[in-house]
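Shown below: entry00.cif, with mmCIF, C-alpha atoms.
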data_model
loop_
_atom_site.label_atom_id
_atom_site.label_comp_id
_atom_site.auth_asym_id
_atom_site.auth_seq_id
_atom_site.Cartn_x
_atom_site.Cartn_y
_atom_site.Cartn_z
CA MET A 258 0.50 18.20 25.04
CA GLU A 259 -2.71 20.07 25.79
CA LEU A 260 -2.92 22.68 23.03
CA ALA A 261 -5.88 24.79 24.17
CA GLY A 262 -4.69 28.22 25.25
CA LYS A 263 -1.09 27.59 24.17
CA LYS A 264 0.67 30.11 21.95
CA VAL A 265 1.88 28.19 18.90
CA LEU A 266 4.02 29.41 16.03
CA VAL A 267 3.30 27.80 12.65
CA PHE A 268 6.37 28.32 10.46
CA GLY A 269 5.35 28.34 6.78
CA THR A 270 2.15 29.32 4.97
CA GLY A 271 2.00 26.62 2.27
CA LYS A 272 -0.43 23.71 2.23
CA SER A 273 1.14 22.09 5.32
CA GLY A 274 1.31 25.33 7.29
CA ILE A 275 -2.32 26.20 6.57
CA GLY A 276 -3.36 22.64 7.54
CA ALA A 277 -1.45 22.91 10.82
CA ALA A 278 -2.88 26.36 11.61
CA ASP A 279 -6.42 25.15 10.92
CA LEU A 280 -5.98 22.16 13.22
CA LEU A 281 -4.50 24.33 15.98
CA GLN A 282 -7.39 26.79 15.68
CA LYS A 283 -9.83 23.92 16.19
CA THR A 284 -7.98 22.77 19.32
CA GLY A 285 -8.19 26.23 20.88
CA ALA A 286 -4.54 27.23 20.50
CA ASN A 287 -3.47 30.82 19.92
CA VAL A 288 -1.87 30.71 16.47
CA VAL A 289 0.92 32.85 15.06
CA LEU A 290 1.38 32.10 11.35
CA TYR A 291 4.82 33.09 10.05
CA ASP A 292 6.45 33.16 6.62
CA GLY A 293 9.90 34.58 5.89
CA LYS A 294 8.76 35.54 2.40
CA ASP A 295 6.44 38.49 2.00
CA THR A 296 5.18 37.57 -1.47
CA LYS A 297 1.68 37.01 -0.05
CA SER A 298 -0.27 39.55 1.92
CA ALA A 299 -1.67 38.80 5.38
CA GLU A 300 -5.16 39.00 3.87
CA GLU A 301 -4.35 36.35 1.24
CA ILE A 302 -2.98 33.99 3.89
CA LEU A 303 -5.91 34.46 6.27
CA ALA A 304 -8.34 33.84 3.40
CA GLN A 305 -7.00 30.27 3.15
CA LEU A 306 -8.12 29.47 6.70
CA PRO A 307 -11.69 28.31 7.40
CA ASP A 308 -11.51 30.22 10.70
CA SER A 309 -8.95 33.02 10.92
CA ASP A 310 -10.30 34.71 14.08
CA GLY A 311 -7.41 35.63 16.36
CA VAL A 312 -4.69 34.31 14.03
CA GLN A 313 -1.65 36.58 14.05
CA ILE A 314 0.28 36.88 10.77
CA VAL A 315 4.00 37.71 10.77
CA LEU A 316 5.85 38.15 7.46
CA GLY A 317 9.44 38.93 6.52
CA ALA A 318 12.28 39.06 9.05
CA PHE A 319 11.58 36.88 12.09
CA PRO A 320 11.02 38.92 15.30
CA MET A 321 13.30 37.11 17.76
CA GLU A 322 11.47 38.69 20.72
CA LEU A 323 8.45 36.53 19.81
CA ILE A 324 10.28 33.40 21.01
CA ALA A 325 9.79 34.29 24.68
CA GLU A 326 5.99 34.17 24.18
CA LEU A 327 5.83 30.74 22.54
CA ASP A 328 4.85 27.35 23.99
CA LEU A 329 5.35 25.37 20.79
CA ALA A 330 6.60 25.82 17.22
CA VAL A 331 5.29 23.72 14.31
CA LEU A 332 7.59 23.69 11.27
CA SER A 333 6.33 23.06 7.75
CA PRO A 334 8.37 20.33 6.00
CA GLY A 335 10.18 22.86 3.82
CA VAL A 336 11.62 24.74 6.82
CA PRO A 337 15.19 23.62 7.68
CA THR A 338 15.74 22.82 11.35
CA ASP A 339 19.10 24.60 11.34
CA LEU A 340 17.77 28.09 10.59
CA PRO A 341 19.01 30.65 13.16
CA GLU A 342 15.49 31.35 14.43
CA VAL A 343 14.75 27.62 14.86
CA LEU A 344 18.05 27.07 16.69
CA ALA A 345 17.23 30.05 18.93
CA MET A 346 13.86 28.48 19.79
CA LYS A 347 15.56 25.20 20.71
CA GLU A 348 18.06 27.06 22.91
CA GLN A 349 15.13 28.68 24.74
CA GLY A 350 13.57 25.25 25.37
CA ILE A 351 10.67 25.73 22.95
CA CYS A 352 9.19 22.42 21.83
CA ILE A 353 9.68 21.96 18.05
CA TRP A 354 7.24 19.75 16.15
CA GLY A 355 6.65 19.13 12.50
CA GLU A 356 3.29 18.73 10.81
CA VAL A 357 3.43 14.93 11.20
CA GLU A 358 4.07 15.07 14.94
CA LEU A 359 1.25 17.59 15.43
CA ALA A 360 -1.17 15.38 13.49
CA TYR A 361 -0.09 12.21 15.32
CA GLU A 362 -0.44 13.87 18.74
CA THR A 363 -3.98 15.03 17.95
CA GLY A 364 -5.12 12.05 15.85
CA LYS A 365 -6.26 8.53 16.73
CA GLY A 366 -6.14 5.02 15.32
CA LYS A 367 -3.32 3.09 13.67
CA VAL A 368 -0.66 4.46 11.34
CA LEU A 369 1.12 2.75 8.45
CA ALA A 370 4.06 4.91 7.32
CA ILE A 371 6.26 4.76 4.23
CA THR A 372 9.50 6.61 3.54
CA GLY A 373 12.45 6.15 1.19
CA THR A 374 14.08 8.11 -1.61
CA ASN A 375 11.83 6.67 -4.33
CA GLY A 376 8.66 4.60 -4.59
CA LYS A 377 6.88 6.25 -1.68
CA THR A 378 3.91 7.67 -3.55
CA THR A 379 3.00 4.57 -5.53
CA THR A 380 3.43 2.35 -2.47
CA THR A 381 1.37 4.68 -0.29
CA SER A 382 -1.43 4.89 -2.87
CA LEU A 383 -1.52 1.11 -3.33
CA LEU A 384 -1.45 0.40 0.40
CA GLY A 385 -4.23 2.95 0.87
CA GLU A 386 -6.39 1.11 -1.68
CA ILE A 387 -5.72 -2.25 -0.01
CA MET A 388 -6.67 -0.87 3.41
CA LYS A 389 -9.84 0.78 2.02
CA ALA A 390 -10.94 -2.63 0.74
CA PHE A 391 -10.74 -4.00 4.29
CA CYS A 392 -11.28 -1.13 6.75
CA PRO A 393 -14.26 1.26 6.86
CA ASP A 394 -12.22 4.37 7.78
CA VAL A 395 -8.92 4.93 5.97
CA LYS A 396 -7.02 8.21 5.49
CA VAL A 397 -4.20 8.46 2.92
CA VAL A 398 -2.03 11.44 3.80
CA GLY A 399 1.37 13.07 3.99
CA ASN A 400 3.86 13.85 1.27
CA ILE A 401 1.34 12.41 -1.21
CA GLY A 402 -0.44 15.78 -1.23
CA ILE A 403 -3.02 15.66 1.59
CA PRO A 404 -1.72 17.19 4.84
CA TYR A 405 -1.94 14.74 7.75
CA THR A 406 -3.17 17.66 9.88
CA SER A 407 -6.23 18.08 7.64
CA VAL A 408 -7.69 14.72 8.76
CA ALA A 409 -6.29 14.22 12.28
CA LEU A 410 -9.29 15.58 14.18
CA ASP A 411 -11.67 13.39 12.13
CA GLU A 412 -9.90 10.19 13.19
CA THR A 413 -11.30 7.62 15.62
CA ASP A 414 -9.77 4.61 17.33
CA ASP A 415 -10.82 2.56 14.28
CA THR A 416 -9.12 4.82 11.72
CA VAL A 417 -6.17 3.53 9.70
CA THR A 418 -3.90 6.30 8.44
CA VAL A 419 -1.58 5.45 5.55
CA ALA A 420 1.11 8.13 5.44
CA GLU A 421 3.86 8.99 2.98
CA ILE A 422 6.57 10.53 5.12
CA SER A 423 9.51 12.55 3.78
CA SER A 424 12.90 12.99 5.42
CA PHE A 425 11.92 16.61 6.09
CA GLN A 426 8.94 15.40 8.13
CA LEU A 427 10.93 12.76 10.02
CA GLU A 428 13.41 15.35 11.33
CA THR A 429 10.87 16.61 13.88
CA ILE A 430 9.09 13.48 15.16
CA GLU A 431 8.98 12.71 18.87
CA LYS A 432 6.19 10.19 19.63
CA PHE A 433 5.15 9.27 16.07
CA HIS A 434 4.65 5.49 16.19
CA PRO A 435 3.57 3.49 13.13
CA LEU A 436 2.17 -0.04 13.45
CA ALA A 437 4.07 -0.81 10.24
CA SER A 438 6.77 1.23 8.56
CA ALA A 439 8.82 0.87 5.41
CA ILE A 440 11.97 2.37 3.94
CA THR A 441 11.82 1.59 0.23
CA ASN A 442 15.42 2.56 -0.61
CA ILE A 443 18.05 5.19 0.16
CA THR A 444 19.96 6.97 -2.58
CA GLU A 445 21.50 10.43 -2.79
CA ASP A 446 18.85 13.15 -2.41
CA HIS A 447 18.14 16.39 -0.52
CA LEU A 448 21.80 16.99 0.33
CA ASN A 449 21.10 20.72 0.06
CA ARG A 450 18.95 20.22 3.19
CA HIS A 451 20.68 17.41 5.10
CA HIS A 452 24.24 18.31 3.94
CA THR A 453 25.66 14.75 4.24
CA MET A 454 24.48 11.27 3.26
CA GLU A 455 25.08 10.17 6.84
CA GLU A 456 22.55 12.70 8.12
CA TYR A 457 20.06 11.86 5.36
CA ILE A 458 20.29 8.16 6.28
CA ARG A 459 19.95 8.90 10.01
CA VAL A 460 16.80 10.93 9.42
CA LYS A 461 15.20 8.26 7.19
CA GLU A 462 15.87 5.60 9.83
CA LEU A 463 14.02 7.70 12.44
CA ILE A 464 10.78 6.19 11.12
CA THR A 465 11.44 3.24 13.48
CA LYS A 466 12.26 5.50 16.46
CA ASN A 467 9.21 4.53 18.55
CA GLN A 468 8.39 1.11 17.09
CA THR A 469 8.39 -2.05 19.22
CA MET A 470 8.43 -5.81 18.63
CA ASP A 471 4.65 -5.65 18.06
CA ASP A 472 5.37 -3.54 14.97
CA LEU A 473 6.90 -4.22 11.56
CA CYS A 474 9.55 -2.44 9.50
CA VAL A 475 9.84 -3.45 5.82
CA LEU A 476 13.30 -2.90 4.30
CA ASN A 477 14.95 -3.34 0.92
CA TYR A 478 17.37 -6.28 1.09
CA GLU A 479 19.15 -5.06 -2.05
CA ASP A 480 20.01 -1.73 -0.42
CA GLU A 481 23.20 -2.29 1.57
CA ILE A 482 22.41 0.60 3.92
CA LEU A 483 18.98 -0.82 4.74
CA ARG A 484 20.15 -4.42 4.99
CA SER A 485 22.69 -3.32 7.59
CA PHE A 486 20.04 -1.25 9.39
CA GLY A 487 17.73 -4.28 9.48
CA GLU A 488 20.49 -6.41 11.01
CA GLN A 489 20.97 -3.74 13.67
CA LEU A 490 17.22 -3.58 14.44
CA THR A 491 17.02 -7.37 14.66
CA ALA A 492 20.06 -7.62 16.94
CA GLU A 493 18.57 -5.00 19.26
CA GLN A 494 15.12 -6.68 19.10
CA LYS A 495 13.68 -3.23 18.49
CA VAL A 496 11.07 -4.07 15.85
CA GLN A 497 10.13 -6.99 13.59
CA VAL A 498 11.98 -6.70 10.27
CA MET A 499 10.81 -8.05 6.91
CA TYR A 500 13.01 -7.71 3.87
CA PHE A 501 11.87 -7.50 0.26
CA SER A 502 14.01 -8.31 -2.76
CA SER A 503 13.59 -7.98 -6.51
CA LEU A 504 16.84 -9.84 -7.28
CA ARG A 505 16.86 -13.06 -5.24
CA PRO A 506 14.64 -15.46 -3.27
CA LEU A 507 14.59 -14.92 0.50
CA GLU A 508 14.25 -17.63 3.12
CA LYS A 509 12.13 -15.20 5.14
CA GLY A 510 10.63 -12.18 3.41
CA ILE A 511 8.85 -11.21 0.23
CA TYR A 512 10.56 -11.43 -3.14
CA TYR A 513 10.24 -11.40 -6.92
CA GLN A 514 11.43 -14.35 -9.00
CA ASP A 515 10.64 -15.61 -12.51
CA GLY A 516 7.49 -13.55 -13.00
CA GLY A 517 6.03 -14.11 -9.54
CA ILE A 518 5.94 -12.38 -6.14
CA TYR A 519 6.39 -14.83 -3.27
CA LEU A 520 6.06 -14.60 0.52
CA ALA A 521 8.27 -16.87 2.64
CA ASP A 522 8.12 -17.31 6.43
CA GLY A 523 11.03 -19.73 6.80
CA LYS A 524 8.77 -22.79 6.66
CA GLU A 525 6.59 -22.35 3.61
CA THR A 526 6.51 -20.15 0.53
CA VAL A 527 3.26 -18.76 -0.90
CA LEU A 528 2.71 -17.24 -4.34
CA VAL A 529 1.18 -13.78 -3.83
CA THR A 530 0.66 -13.03 -7.54
CA LYS A 531 2.05 -13.54 -11.00
CA THR A 532 3.36 -10.15 -12.16
CA GLU A 533 1.71 -10.60 -15.57
CA GLU A 534 -1.60 -10.19 -13.70
CA LEU A 535 -0.57 -6.70 -12.47
CA LYS A 536 -1.32 -3.45 -14.29
CA LEU A 537 1.84 -1.90 -12.85
CA LEU A 538 4.93 -2.29 -15.05
CA GLY A 539 8.61 -2.51 -14.19
CA LEU A 540 10.74 -4.08 -11.48
CA HIS A 541 10.60 -0.93 -9.35
CA ASN A 542 6.81 -1.23 -9.27
CA PHE A 543 7.03 -4.89 -8.27
CA GLU A 544 9.09 -3.66 -5.31
CA ASN A 545 6.34 -1.17 -4.44
CA VAL A 546 3.78 -4.00 -4.54
CA MET A 547 5.91 -6.13 -2.22
CA VAL A 548 6.16 -3.37 0.36
CA ALA A 549 2.42 -2.68 0.31
CA VAL A 550 1.60 -6.40 0.58
CA ALA A 551 3.90 -6.92 3.57
CA MET A 552 2.49 -3.91 5.44
CA ALA A 553 -1.13 -4.79 4.69
CA LEU A 554 -0.73 -8.37 5.88
CA HIS A 555 0.84 -7.13 9.14
CA ALA A 556 -2.17 -4.83 9.57
CA GLY A 557 -4.47 -7.86 9.36
CA VAL A 558 -5.74 -7.69 5.78
CA PRO A 559 -6.57 -11.18 4.37
CA MET A 560 -4.38 -12.36 1.49
CA GLU A 561 -7.36 -12.68 -0.88
CA THR A 562 -8.27 -9.02 -0.36
CA VAL A 563 -4.65 -8.02 -0.96
CA ARG A 564 -4.49 -10.05 -4.18
CA LYS A 565 -7.69 -8.55 -5.56
CA VAL A 566 -6.56 -4.95 -5.00
CA ILE A 567 -3.00 -5.25 -6.30
CA LYS A 568 -4.26 -6.80 -9.55
CA ASN A 569 -6.60 -3.87 -10.20
CA PHE A 570 -4.26 -1.02 -9.19
CA ALA A 571 -3.19 1.06 -12.22
CA GLY A 572 -0.61 3.43 -10.69
CA VAL A 573 -0.44 7.12 -9.79
CA GLU A 574 -0.44 10.43 -11.64
CA HIS A 575 2.92 11.96 -12.63
CA ARG A 576 4.79 8.64 -12.30
CA ILE A 577 5.51 7.22 -15.78
CA GLU A 578 1.96 8.31 -16.64
CA TYR A 579 0.77 7.72 -20.20
CA VAL A 580 -0.47 11.06 -21.60
CA CYS A 581 -1.41 10.40 -25.25
CA GLU A 582 -0.13 9.41 -28.67
CA LYS A 583 0.17 12.00 -31.45
CA ASP A 584 1.51 11.35 -34.94
CA GLY A 585 2.85 7.99 -33.77
CA ILE A 586 4.79 9.58 -30.87
CA VAL A 587 3.84 8.48 -27.33
CA TYR A 588 4.14 11.01 -24.49
CA TYR A 589 4.78 10.07 -20.84
CA ASN A 590 4.67 12.28 -17.75
CA ASP A 591 7.17 11.26 -15.07
CA SER A 592 7.33 14.64 -13.32
CA LYS A 593 7.66 12.84 -10.00
CA GLY A 594 11.12 11.71 -11.13
CA THR A 595 12.59 14.46 -8.94
CA ASN A 596 16.04 12.89 -8.41
CA PRO A 597 18.42 10.86 -10.57
CA ASP A 598 17.52 7.48 -9.07
CA ALA A 599 13.79 8.02 -9.68
CA ALA A 600 14.54 9.18 -13.22
CA ILE A 601 16.60 6.03 -13.85
CA LYS A 602 13.42 4.04 -13.14
CA GLY A 603 11.60 6.21 -15.67
CA ILE A 604 14.02 5.59 -18.52
CA GLN A 605 14.29 1.88 -17.68
CA ALA A 606 10.52 1.59 -18.17
CA MET A 607 10.74 2.89 -21.76
CA ASN A 608 10.61 0.23 -24.49
CA ARG A 609 11.22 2.49 -27.56
CA PRO A 610 13.61 5.26 -28.67
CA THR A 611 13.07 8.20 -26.33
CA LEU A 612 13.43 11.96 -26.30
CA LEU A 613 14.00 12.82 -22.65
CA ILE A 614 13.20 16.18 -21.00
CA GLY A 615 15.32 16.77 -17.89
CA GLY A 616 16.55 19.50 -15.59
CA GLY A 617 15.17 21.74 -12.87
CA TYR A 618 16.00 22.92 -9.36
CA ASP A 619 19.48 22.01 -8.11
CA LYS A 620 19.41 19.69 -5.07
CA GLN A 621 23.19 19.16 -5.33
CA SER A 622 22.67 15.78 -7.01
CA THR A 623 25.10 14.10 -9.41
CA TYR A 624 23.81 12.94 -12.79
CA GLU A 625 26.39 10.59 -14.32
CA ASP A 626 24.66 7.36 -13.21
CA TRP A 627 21.34 8.59 -14.63
CA ILE A 628 22.92 9.32 -18.00
CA ARG A 629 24.73 5.96 -18.06
CA ALA A 630 21.32 4.33 -17.52
CA PHE A 631 20.12 5.71 -20.88
CA ASP A 632 21.54 2.47 -22.30
CA GLY A 633 21.14 3.52 -25.94
CA LYS A 634 17.43 4.39 -25.54
CA VAL A 635 17.74 8.19 -25.47
CA ARG A 636 17.94 9.87 -28.89
CA TYR A 637 18.04 13.40 -27.48
CA LEU A 638 18.30 14.86 -23.99
CA VAL A 639 16.39 18.17 -23.91
CA LEU A 640 17.40 20.24 -20.89
CA ILE A 641 15.60 23.04 -19.04
CA GLY A 642 15.95 24.80 -15.72
CA ALA A 643 18.70 25.74 -13.29
CA THR A 644 20.61 22.48 -13.71
CA LYS A 645 20.73 22.31 -17.50
CA GLU A 646 24.41 23.28 -17.85
CA LYS A 647 25.43 21.03 -14.94
CA ILE A 648 23.61 18.05 -16.47
CA ALA A 649 25.02 18.77 -19.93
CA GLU A 650 28.54 18.78 -18.49
CA ALA A 651 27.90 15.46 -16.73
CA ALA A 652 26.46 13.98 -19.94
CA ARG A 653 29.45 14.98 -22.05
CA ALA A 654 31.79 13.61 -19.37
CA VAL A 655 30.30 10.13 -19.81
CA GLY A 656 30.17 10.34 -23.60
CA PHE A 657 26.57 11.44 -24.28
CA ASN A 658 26.47 14.43 -26.63
CA ASP A 659 22.97 14.49 -28.17
CA ILE A 660 21.92 17.44 -26.01
CA LEU A 661 19.45 20.24 -26.78
CA PHE A 662 18.51 23.23 -24.62
CA ALA A 663 15.14 24.90 -24.11
CA GLU A 664 14.20 28.04 -22.20
CA ASN A 665 11.17 26.42 -20.60
CA LEU A 666 9.02 23.30 -20.57
CA GLU A 667 6.69 24.47 -23.33
CA GLU A 668 9.62 25.03 -25.68
CA ALA A 669 11.07 21.63 -24.69
CA VAL A 670 7.82 19.93 -25.72
CA GLN A 671 7.90 21.74 -29.08
CA ILE A 672 11.53 20.72 -29.68
CA CYS A 673 10.71 17.10 -28.89
CA ARG A 674 7.84 17.13 -31.34
CA GLN A 675 10.09 18.49 -34.08
CA MET A 676 12.90 16.00 -33.44
CA ALA A 677 10.84 12.85 -32.74
CA ASN A 678 10.07 10.14 -35.28
CA PRO A 679 6.91 7.99 -35.38
CA GLY A 680 7.48 5.13 -32.95
CA ASP A 681 9.47 7.30 -30.50
CA ALA A 682 8.52 8.25 -26.95
CA VAL A 683 8.79 11.68 -25.34
CA LEU A 684 9.39 11.37 -21.60
CA LEU A 685 9.37 14.16 -19.02
CA SER A 686 11.53 12.68 -16.24
CA PRO A 687 13.58 15.61 -14.95
CA ALA A 688 15.88 14.01 -12.29
CA CYS A 689 15.45 17.33 -10.45
CA ALA A 690 12.95 19.08 -8.21
CA SER A 691 10.57 21.57 -9.80
CA TRP A 692 11.06 24.63 -7.63
CA ASP A 693 13.14 26.70 -10.04
CA GLN A 694 10.26 27.22 -12.50
CA PHE A 695 7.20 25.60 -10.87
CA ASP A 696 5.40 25.46 -7.52
CA SER A 697 5.51 21.66 -7.39
CA TYR A 698 6.15 18.54 -9.45
CA GLU A 699 2.36 18.25 -9.82
CA GLN A 700 2.17 21.66 -11.49
CA ARG A 701 5.09 20.74 -13.75
CA GLY A 702 3.36 17.50 -14.77
CA GLU A 703 -0.01 19.15 -15.37
CA LEU A 704 1.58 21.81 -17.58
CA PHE A 705 3.48 19.14 -19.52
CA LYS A 706 0.22 17.32 -20.22
CA GLU A 707 -1.43 20.61 -21.21
CA TYR A 708 1.39 21.46 -23.65
CA VAL A 709 1.35 17.97 -25.16
CA ARG A 710 -2.41 17.90 -25.65
CA ALA A 711 -2.24 21.31 -27.31
CA LEU A 712 0.23 20.10 -29.97
#

As structure tokens:
Amino acid sequence: MELAGKKVLVFGTGKSGIGAADLLQKTGANVVLYDGKDTKSAEEILAQLPDSDGVQIVLGAFPMELIAELDLAVLSPGVPTDLPEVLAMKEQGICIWGEVELAYETGKGKVLAITGTNGKTTTTSLLGEIMKAFCPDVKVVGNIGIPYTSVALDETDDTVTVAEISSFQLETIEKFHPLASAITNITEDHLNRHHTMEEYIRVKELITKNQTMDDLCVLNYEDEILRSFGEQLTAEQKVQVMYFSSLRPLEKGIYYQDGGIYLADGKETVLVTKTEELKLLGLHNFENVMVAVAMALHAGVPMETVRKVIKNFAGVEHRIEYVCEKDGIVYYNDSKGTNPDAAIKGIQAMNRPTLLIGGGYDKQSTYEDWIRAFDGKVRYLVLIGATKEKIAEAARAVGFNDILFAENLEEAVQICRQMANPGDAVLLSPACASWDQFDSYEQRGELFKEYVRAL
């Protein structure tokens, strides 16, 4: 779509919305920036834009009469597609894009895209490092914290964009077409947004919507949903499928076995790396490595380059991140454990008695499986946030009663310090989103580190 001169609504004034508005300004569109909350003033919002000339700000209740003037609406990822004003736009035939679709339509080059409930950020970061070691122009964007729209106009035909894509962003794609895609896993998450698991699964699988047999989709063989989806894609000859497995050898695919990661093409099997040579720890991280390796090789990166990068990669911030040791107690920041399945990975990585800080915004998750995964490691569960009573009830229901409550994260850190013994770990791995008390999981993690270092 030619954007110059078009009247475009940008719905949301967070990082994604500002990125979209800035891009649209540069393409010559007439931008209307809208936010249903009126906590910020128009002046504050405009100050975030490099060029705010001509940008119209609308705050509070949505003026439905505006719809008749629009050519396009761009939704920030946090905006549900079933809001009355969004449904009204669709009924009027207004084109609805998300930030990812806007960036893809205006950008250039090849895209490598990763989605899944967990593992996206580490996999995206690692794949980005592999591609940077081989390609001169690589952008690492998306749900990882850098809006895709902020780099789209800088891209050339030689650019490789590595993108972490959330289910919220996949809801609004139309032409988005990755050279290689991956779905790391699918477990219960974001049901407050998607309402049913069936809808959540459908949206995740949209990442392959425009892929062809020249492209690759990497799927988790140990996830029954994704194994079935791969069989469907293969039967339809829609896209090349490669499975990865951390539990068994595969005749064709990439897998972990006996301390090694192997790549098999049906004829020969090659050792990619011994896992003892990796800085990343834990089976879930070996899965992330497998996904990144498969996608990089499809994008043309030589195996030797891949090997060199994966052996030097040390992980990402806020994901089982070592903070410090004080009085013999080791502190870890796993603020990115924003759902029970991610938090299970966090506790599984612990190799000592642990005081666990959990709780936060309620995404309608269930917590029993997370608590069962404590497996005798957790001495105390210290709960904060909107879900603390719900989690406590789930814990007691499965026989875990060593529960403490705190009013906020700072108090939780203090309680952990008082209750911990030398040789213990304190782990922030909330199993919940951060939005009840924090702006983001990053802010939650940074504050945790600040409170710990101040002990």

Please tabulate, as a tab-separated table, the residues of segment 604-695 of chain A that come within 10 Å of segment 525-540 of chain A, each with its closest pair of atoms and the distance in Å to one decimal, counting only C-alpha atoms and ordering rows by chain, then residue number upward.
residue	atom	partner	partner_atom	distance
A:Gln605	CA	A:Gly539	CA	8.0
A:Ala606	CA	A:Gly539	CA	6.0
A:Met607	CA	A:Gly539	CA	9.5

Self-check item: Pick from A:Ala330, A:Ile302, A:Ala669, A:Ala711 nearest to Leu266 of chain A, counting all atoms listed in the file
Solution: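 Among the listed residues, the smallest separation from Leu266 of chain A belongs to A:Ala330.
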
Give me the box for segment 622-634 of chain A as lines of an AutoDock Vina configuration file, namely the centre and edge lengths in Å to one decimal of a box along x, y and z that holds every listed atom plus 5 Å on each side.
center_x = 21.9
center_y = 9.1
center_z = -16.5
size_x = 19.0
size_y = 23.3
size_z = 28.9

Exercise. For the structure provided, state which residues fall under the PyMOL selection byres ((chain A and resi 510) around 7), and present them as a list of chain:residue names.
Key: A:Met499, A:Tyr500, A:Phe501, A:Leu507, A:Glu508, A:Lys509, A:Ile511, A:Tyr512, A:Leu520, A:Ala521, A:Asp522

Quiz item: So how far away is atom CA of Thr374 of chain A from atom CA of Asp515 of chain A, in Å?
Solution: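 Distance reported for this atom pair: 26.3 Å.
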
Practice problem: For Lys461 of chain A, please output as a PyMOL selection string all residues within 9 Å (counting all atoms listed in the file; exclusion window: fewer than 5 positions along the same chain). | Solution: chain A and resi 372-374+423-424+427-428+440+443+456

Self-check item: Between atom CA of Asn477 of chain A and atom CA of Ile567 of chain A - distance in Å to one decimal
Solution: 19.4 Å

Quiz item: Can you list what the PyMOL selection byres ((chain A and resi 392-395) around 10) grabs from this structure, as a PyMOL selection string?
Solution: chain A and resi 366-368+385-391+396-398+412-419+557-558

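Interatomic distance, atom CA of Ala439 of chain A to atom CA of Ser503 of chain A: 15.6 Å.
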
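Using the PyMOL selection byres ((chain A and resi 326) around 10) on the file at hand returns these residues: A:Lys263, A:Lys264, A:Val265, A:Leu266, A:Glu322, A:Leu323, A:Ile324, A:Ala325, A:Leu327, A:Asp328, A:Leu329, A:Ile351.
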
Quiz item: Which residue, A:Gly615, A:Pro320, A:Pro341, A:Pro435, has the smallest gap to Phe662 of chain A when you use all atoms listed in the file?
Solution: A:Gly615

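For the choices A:Phe657, A:Tyr618, A:Phe319, A:Trp627, the atom-to-atom distance to Phe695 of chain A is smallest for A:Tyr618 when using all atoms listed in the file.
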
Taking N, CA and C atoms as the atom set, what does segment 475-487 of chain A look like once completed, written as a short mmCIF file (atom, residue, chain, number, x, y, z; two decimals), in the frame of the given file?
data_model
loop_
_atom_site.label_atom_id
_atom_site.label_comp_id
_atom_site.auth_asym_id
_atom_site.auth_seq_id
_atom_site.Cartn_x
_atom_site.Cartn_y
_atom_site.Cartn_z
N VAL A 475 9.54 -2.78 7.09
CA VAL A 475 9.84 -3.45 5.82
C VAL A 475 11.01 -2.72 5.17
N LEU A 476 12.06 -3.49 4.81
CA LEU A 476 13.30 -2.90 4.30
C LEU A 476 13.75 -3.60 3.02
N ASN A 477 14.46 -2.85 2.20
CA ASN A 477 14.95 -3.34 0.92
C ASN A 477 16.25 -4.12 1.12
N TYR A 478 16.20 -5.43 0.88
CA TYR A 478 17.37 -6.28 1.09
C TYR A 478 18.49 -5.93 0.12
N GLU A 479 18.14 -5.37 -1.04
CA GLU A 479 19.15 -5.06 -2.05
C GLU A 479 19.81 -3.70 -1.83
N ASP A 480 19.40 -3.00 -0.80
CA ASP A 480 20.01 -1.73 -0.42
C ASP A 480 20.94 -2.02 0.76
N GLU A 481 22.24 -1.90 0.53
CA GLU A 481 23.20 -2.29 1.57
C GLU A 481 23.00 -1.50 2.87
N ILE A 482 22.65 -0.23 2.73
CA ILE A 482 22.41 0.60 3.92
C ILE A 482 21.26 0.02 4.72
N LEU A 483 20.18 -0.34 4.04
CA LEU A 483 18.98 -0.82 4.74
C LEU A 483 19.14 -2.24 5.23
N ARG A 484 19.89 -3.06 4.51
CA ARG A 484 20.15 -4.42 4.99
C ARG A 484 20.92 -4.36 6.31
N SER A 485 21.91 -3.49 6.36
CA SER A 485 22.69 -3.32 7.59
C SER A 485 21.83 -2.76 8.72
N PHE A 486 20.95 -1.82 8.38
CA PHE A 486 20.04 -1.25 9.39
C PHE A 486 19.11 -2.32 9.93
N GLY A 487 18.60 -3.20 9.05
CA GLY A 487 17.73 -4.28 9.48
C GLY A 487 18.44 -5.24 10.42
#
